[in-house]
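Written below as structure tokens is the structure these notes are about.
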Amino acid sequence: MKNIFYGWWVLLALVLIYMVTNGILLNTMPLFAPQLLDEFQLDNQQVSRPAQLLYLLVSILAAFVGILLDKYSPKIIMLSGAIILLIALAGFASATSFIQIQGVYVLYAFALTLAGIVTSMYLITQWFVKYRGLAVGIFLMGSSFGGALFNKIAGWGIATLGWRSAAWILLGCAVAGMLLPLILLIRNRPADMGLLPDGETPNLTTDNHRTHGHAGMTLGAAMRTPYFYLLLVATATLWFCITGVVNHQVLFIEKDLNQTKEIVTNVTSLFFLCSIIGKLLFGWLGDRFNKLIIMLISIINLLIGTVLLRYLADLPTAMMYVYALVYGIAFSGAFTMIQVVVAELYSGSSYGKILGIFTMIDTLAGSMGIIVLGSMRKNSGSYLGAFDTMILLCGFACICVLALQFMKKPQLQPAH
């Protein structure tokens with residue numbers, strides 16, 4: 001036990017916390033949409049509004065959290081988010097009107113921003129350099145584990161006890177899965193424990209490099225390069241597609257394809273289980289090969305998965321599981337490579353601010369994905385036009401990443 005680099009314990013805690021934040025708030029909450037639709041007499045566009053509000057607020061708040069992370073304790077920031085999340089889950093289970101549900105989602109946004117991916121990625125970049133791709137892949141598996149696990153728990157709870165009881169069960173899971181690891185295991189940086197990133201043995205060369213590292217690029221310097229904007233467009237495009245699918249696939253399969261809650265739960269659980277494979281696989285590949293090429297491969301897989309989703313109505317029911325497998329691996333691989341590429345290019349003294357900007361724009365694009373899919377479904381009575389749009393956007397993202405591959409990368413500056 002003494003020979004295990006403490007960063008892996010920090011990573012374990014972050015995985016458990018991410019299981020709760022993204023596993024419940026982003027990947028399991030959509031499972032409640034059909035019940036909210038029926039209880040509050042809503043349509044597909046209306047029932048997706050809380051999720052739209054969530055992503056919109058996260059996009060606004062992310063940049064501010066990035067600034068805070070460059071100045072204050074990530075652990076305290078994350079603990080604040082955890083407390084807000086528990087309060088919000090209790091509010092969701094107790095809500096008696098759709099306005100209250102929307103208010104709960106405002107709290108979800110604060111919780112997700114403070115205790116979610118921005119703070120976690122900041123901690124991972126402190127603890128890992130050489131193994132960063134693998135660490136990011138392992139970390140991002142948390143939302144997949146959470147999605148698979150909590151979808152099963154919530155699906156069972158909704159079917160047997162009702163959606164409110166299912167929400168209370170999720171609250172209990174959040175207390176155990178988030179607060180304990182956060183309090184017991186999270187440490188802000190290796191230097192606080194006399195350690196170096198990756199568990200390196202201190203010596204004159206590595207100590208100077210790992211302790212002082214590099215200053216990286218300032219936000220202003222990054223924004224003066226076309227590379228920054230092209231990467232931002234590529235990642236925003238992917239987030240539009242990913243969040244649109246994650247938040248509407250339950251409604252599409254259950255309402256439009258007339259599948260049972262049991263089948264929907266099984267498909268979504270497989271979806272998130274397969275995303276575990278994608279995150280670990282692409283994180284591992286990202287440490288060993290050209291990161292942009294690996295990112296391109298993940299986007300091509302995402303394109304294939306979107307085509308499968310587009311034609312599910314014309315395919316046998318069993319193909320829903322093939323879709324879940326392909327898209328689950330694809331979206332998680334793309335998500336992983338976004339984080340790895342941004343961390344590789346911009347880690348340093350301004351990483352929190354730059355990560356906040358990327359998260360802000362990507363999340364705003366994700367919010368637009370939810371809005372556009374809901375609006376197109378309402379106006380046309382079908383999701384097919386929206387799926388066609390996402391197929392085109394995936395192709396556009398491929399072109400952006402190919403262009404990045406042939407452009408000169410930004411140069412990191414040594415710290416002084």
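So you can find residues: chains in the structure tokens are A, B, ... in the order shown, residues in each start at 1, and ligands are numbered from 1 in order.
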
Legend entry - Ser120 of chain A surroundings by only C-alpha atoms, 10 Å radius, close-in-sequence under 3 positions cut, as a VMD selection string: chain A and resid 10 to 11 13 to 15 17 to 18 74 to 75 78 114 to 117 123 to 126 136 139 to 140

Save the residues we just selected, all heavy atoms, as a compact mmCIF listing (two decimals), in the first residue's frame?
# COMPACT_ATOMS: atom_id res chain seq x y z
N VAL A 10 -6.32 9.63 -5.26
CA VAL A 10 -7.05 10.85 -5.64
C VAL A 10 -7.93 10.55 -6.85
O VAL A 10 -9.10 10.96 -6.90
CB VAL A 10 -6.08 12.00 -5.95
CG1 VAL A 10 -6.83 13.21 -6.50
CG2 VAL A 10 -5.29 12.39 -4.69
N LEU A 11 -7.36 9.83 -7.82
CA LEU A 11 -8.12 9.49 -9.02
C LEU A 11 -9.32 8.61 -8.69
O LEU A 11 -10.41 8.80 -9.25
CB LEU A 11 -7.20 8.78 -10.02
CG LEU A 11 -7.82 8.43 -11.37
CD1 LEU A 11 -8.26 9.70 -12.11
CD2 LEU A 11 -6.85 7.62 -12.23
N ALA A 13 -11.03 8.61 -5.93
CA ALA A 13 -12.04 9.49 -5.34
C ALA A 13 -12.76 10.30 -6.42
O ALA A 13 -13.99 10.45 -6.39
CB ALA A 13 -11.39 10.42 -4.32
N LEU A 14 -11.99 10.80 -7.39
CA LEU A 14 -12.59 11.58 -8.47
C LEU A 14 -13.54 10.74 -9.32
O LEU A 14 -14.58 11.23 -9.77
CB LEU A 14 -11.50 12.20 -9.34
CG LEU A 14 -10.63 13.27 -8.68
CD1 LEU A 14 -9.52 13.71 -9.62
CD2 LEU A 14 -11.48 14.47 -8.24
N VAL A 15 -13.18 9.48 -9.55
CA VAL A 15 -14.06 8.58 -10.30
C VAL A 15 -15.39 8.40 -9.56
O VAL A 15 -16.47 8.48 -10.16
CB VAL A 15 -13.39 7.22 -10.53
CG1 VAL A 15 -14.40 6.20 -11.06
CG2 VAL A 15 -12.23 7.35 -11.50
N ILE A 17 -16.76 10.38 -7.32
CA ILE A 17 -17.49 11.64 -7.31
C ILE A 17 -18.13 11.90 -8.67
O ILE A 17 -19.29 12.32 -8.77
CB ILE A 17 -16.55 12.80 -6.92
CG1 ILE A 17 -16.09 12.63 -5.46
CG2 ILE A 17 -17.23 14.15 -7.11
CD1 ILE A 17 -14.92 13.51 -5.08
N TYR A 18 -17.39 11.61 -9.73
CA TYR A 18 -17.90 11.81 -11.09
C TYR A 18 -19.04 10.85 -11.40
O TYR A 18 -19.93 11.17 -12.20
CB TYR A 18 -16.75 11.63 -12.07
CG TYR A 18 -16.97 12.25 -13.43
CD1 TYR A 18 -17.35 13.58 -13.56
CD2 TYR A 18 -16.76 11.50 -14.59
CE1 TYR A 18 -17.54 14.14 -14.81
CE2 TYR A 18 -16.93 12.06 -15.84
CZ TYR A 18 -17.31 13.38 -15.95
OH TYR A 18 -17.49 13.94 -17.19
N PRO A 74 -9.06 23.54 -4.73
CA PRO A 74 -10.03 22.74 -5.48
C PRO A 74 -10.90 21.87 -4.58
O PRO A 74 -12.08 21.66 -4.88
CB PRO A 74 -9.14 21.88 -6.39
CG PRO A 74 -7.88 22.67 -6.54
CD PRO A 74 -7.69 23.34 -5.21
N LYS A 75 -10.34 21.37 -3.48
CA LYS A 75 -11.11 20.51 -2.59
C LYS A 75 -12.27 21.26 -1.96
O LYS A 75 -13.40 20.73 -1.87
CB LYS A 75 -10.21 19.93 -1.49
CG LYS A 75 -10.93 19.00 -0.54
CD LYS A 75 -9.97 18.30 0.41
CE LYS A 75 -10.71 17.33 1.33
NZ LYS A 75 -9.78 16.56 2.18
N MET A 78 -14.92 21.86 -4.58
CA MET A 78 -15.65 20.62 -4.87
C MET A 78 -16.62 20.27 -3.74
O MET A 78 -17.75 19.82 -3.98
CB MET A 78 -14.66 19.49 -5.11
CG MET A 78 -15.30 18.17 -5.53
SD MET A 78 -14.06 16.95 -6.08
CE MET A 78 -13.84 17.48 -7.78
N LEU A 114 -19.17 23.29 -9.83
CA LEU A 114 -18.20 23.31 -8.73
C LEU A 114 -17.57 21.94 -8.48
O LEU A 114 -16.37 21.85 -8.18
CB LEU A 114 -18.88 23.81 -7.46
CG LEU A 114 -19.36 25.26 -7.46
CD1 LEU A 114 -20.22 25.54 -6.24
CD2 LEU A 114 -18.18 26.22 -7.51
N ALA A 115 -18.35 20.88 -8.60
CA ALA A 115 -17.86 19.55 -8.23
C ALA A 115 -17.68 18.63 -9.43
O ALA A 115 -17.39 17.44 -9.25
CB ALA A 115 -18.83 18.90 -7.24
N GLY A 116 -17.82 19.15 -10.64
CA GLY A 116 -17.79 18.31 -11.81
C GLY A 116 -16.46 18.28 -12.53
O GLY A 116 -15.39 18.36 -11.93
N ILE A 117 -16.52 18.23 -13.86
CA ILE A 117 -15.36 17.92 -14.66
C ILE A 117 -14.27 19.00 -14.62
O ILE A 117 -13.08 18.68 -14.70
CB ILE A 117 -15.77 17.63 -16.12
CG1 ILE A 117 -14.60 17.02 -16.88
CG2 ILE A 117 -16.31 18.88 -16.79
CD1 ILE A 117 -14.97 16.48 -18.23
N LEU A 123 -7.51 18.91 -10.98
CA LEU A 123 -6.78 18.05 -10.04
C LEU A 123 -5.97 16.98 -10.77
O LEU A 123 -4.83 16.69 -10.39
CB LEU A 123 -7.77 17.39 -9.07
CG LEU A 123 -8.34 18.31 -8.00
CD1 LEU A 123 -9.54 17.65 -7.31
CD2 LEU A 123 -7.28 18.67 -6.97
N ILE A 124 -6.54 16.40 -11.82
CA ILE A 124 -5.82 15.36 -12.56
C ILE A 124 -4.56 15.92 -13.20
O ILE A 124 -3.50 15.27 -13.19
CB ILE A 124 -6.74 14.73 -13.62
CG1 ILE A 124 -7.81 13.87 -12.94
CG2 ILE A 124 -5.94 13.87 -14.61
CD1 ILE A 124 -8.88 13.36 -13.88
N THR A 125 -4.62 17.12 -13.74
CA THR A 125 -3.43 17.70 -14.35
C THR A 125 -2.36 18.04 -13.31
O THR A 125 -1.17 18.12 -13.64
CB THR A 125 -3.77 18.99 -15.13
OG1 THR A 125 -4.35 19.95 -14.25
CG2 THR A 125 -4.73 18.69 -16.27
N GLN A 126 -2.77 18.22 -12.05
CA GLN A 126 -1.79 18.43 -10.98
C GLN A 126 -1.07 17.13 -10.64
O GLN A 126 0.14 17.14 -10.36
CB GLN A 126 -2.50 18.96 -9.72
CG GLN A 126 -3.19 20.30 -9.88
CD GLN A 126 -2.23 21.43 -10.15
OE1 GLN A 126 -1.19 21.55 -9.50
NE2 GLN A 126 -2.56 22.27 -11.13
N VAL A 136 -7.13 10.35 -17.35
CA VAL A 136 -8.36 10.99 -17.82
C VAL A 136 -9.37 9.94 -18.27
O VAL A 136 -10.57 10.04 -17.96
CB VAL A 136 -8.05 11.97 -18.98
CG1 VAL A 136 -9.35 12.47 -19.63
CG2 VAL A 136 -7.25 13.16 -18.46
N PHE A 139 -10.79 8.34 -15.21
CA PHE A 139 -11.68 9.28 -14.54
C PHE A 139 -13.03 9.38 -15.25
O PHE A 139 -14.09 9.30 -14.62
CB PHE A 139 -11.02 10.66 -14.48
CG PHE A 139 -11.97 11.79 -14.25
CD1 PHE A 139 -12.64 11.93 -13.05
CD2 PHE A 139 -12.24 12.71 -15.27
CE1 PHE A 139 -13.55 12.96 -12.84
CE2 PHE A 139 -13.13 13.74 -15.07
CZ PHE A 139 -13.79 13.87 -13.86
N LEU A 140 -12.99 9.54 -16.56
CA LEU A 140 -14.23 9.73 -17.31
C LEU A 140 -15.10 8.48 -17.30
O LEU A 140 -16.31 8.56 -17.56
CB LEU A 140 -13.92 10.14 -18.75
CG LEU A 140 -13.29 11.53 -18.91
CD1 LEU A 140 -12.95 11.80 -20.36
CD2 LEU A 140 -14.22 12.62 -18.37

Within 10 Å of segment 257-264 of chain A, which residues of segment 280-361 of chain A show up? Give each one with its shortest atom-to-atom distance in Å (one decimal) and the two atoms involved, counting only C-alpha atoms, rows by chain then rising residue number, as CSV.
residue,atom,partner,partner_atom,distance
A:Leu312,CA,A:Leu257,CA,8.4
A:Ala313,CA,A:Leu257,CA,6.5
A:Thr317,CA,A:Gln259,CA,9.0
A:Met320,CA,A:Ile263,CA,9.3
A:Tyr321,CA,A:Ile263,CA,9.6

Would you mind listing, for every residue of segment 222-304 of chain A within 9 Å of segment 370-391 of chain A, the two atoms forming the shortest contact and the distance between them in Å to one decimal, using only C-alpha atoms, sorted by chain and ascending residue number, as a tab-separated table?
residue	atom	partner	partner_atom	distance
A:Thr237	CA	A:Met390	CA	8.8
A:Leu238	CA	A:Met390	CA	9.0
A:Phe240	CA	A:Ile370	CA	7.6
A:Cys241	CA	A:Met390	CA	5.8
A:Thr243	CA	A:Ile370	CA	6.5
A:Gly244	CA	A:Ile370	CA	4.5
A:Val245	CA	A:Ile370	CA	7.9
A:Val246	CA	A:Ile370	CA	8.9
A:Asn247	CA	A:Ile370	CA	6.6
A:His248	CA	A:Ile370	CA	7.4
A:Phe252	CA	A:Tyr383	CA	7.4
A:Asp256	CA	A:Ser382	CA	7.9
A:Leu302	CA	A:Ile391	CA	8.8
A:Leu303	CA	A:Ile391	CA	5.9
A:Ile304	CA	A:Ile391	CA	8.5

Legend entry - Shell around segment 343-346 of chain A at 12 Å using only C-alpha atoms, local window under 4 positions removed, as a VMD selection string: chain A and resid 118 121 to 126 128 to 133 135 to 136 214 to 223 227 to 228 231 286 to 287 290 to 292 336 to 339 350 to 358 408 to 413

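Distances to Ala166 of chain A were evaluated for A:Asn22, A:Ser143, A:Ser94, A:Gln249 using only C-alpha atoms, and the minimum falls at A:Ser94.
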
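Proximity of A:Asn27, A:Gln35, A:Gln46, A:Thr306 to Ile99 of chain A, computed with only C-alpha atoms, is greatest for A:Gln46.
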
Using only C-alpha atoms, which protein or nucleic acid residues come within 7 Å of Gly23 of chain A? Drop anything in the same chain fewer than 2 positions from it, and give the result as a CSV table (one decimal) with C-alpha atoms, in the first residue's frame.
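That gives us selection_2.csv:
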chain,number,residue,atom,x,y,z
A,18,TYR,CA,-17.9,11.8,-11.1
A,19,MET,CA,-20.1,8.7,-10.9
A,20,VAL,CA,-22.5,10.9,-8.9
A,21,THR,CA,-22.2,14.3,-10.6
A,25,LEU,CA,-27.3,14.6,-13.1
A,26,LEU,CA,-26.5,14.2,-16.8
A,27,ASN,CA,-26.9,10.5,-17.6
A,28,THR,CA,-29.7,9.3,-15.3
A,143,SER,CA,-19.9,8.9,-15.6
A,144,SER,CA,-20.2,5.7,-17.5
A,146,GLY,CA,-22.6,6.0,-12.8
A,147,GLY,CA,-24.9,6.1,-15.9
A,150,PHE,CA,-27.9,4.7,-11.6
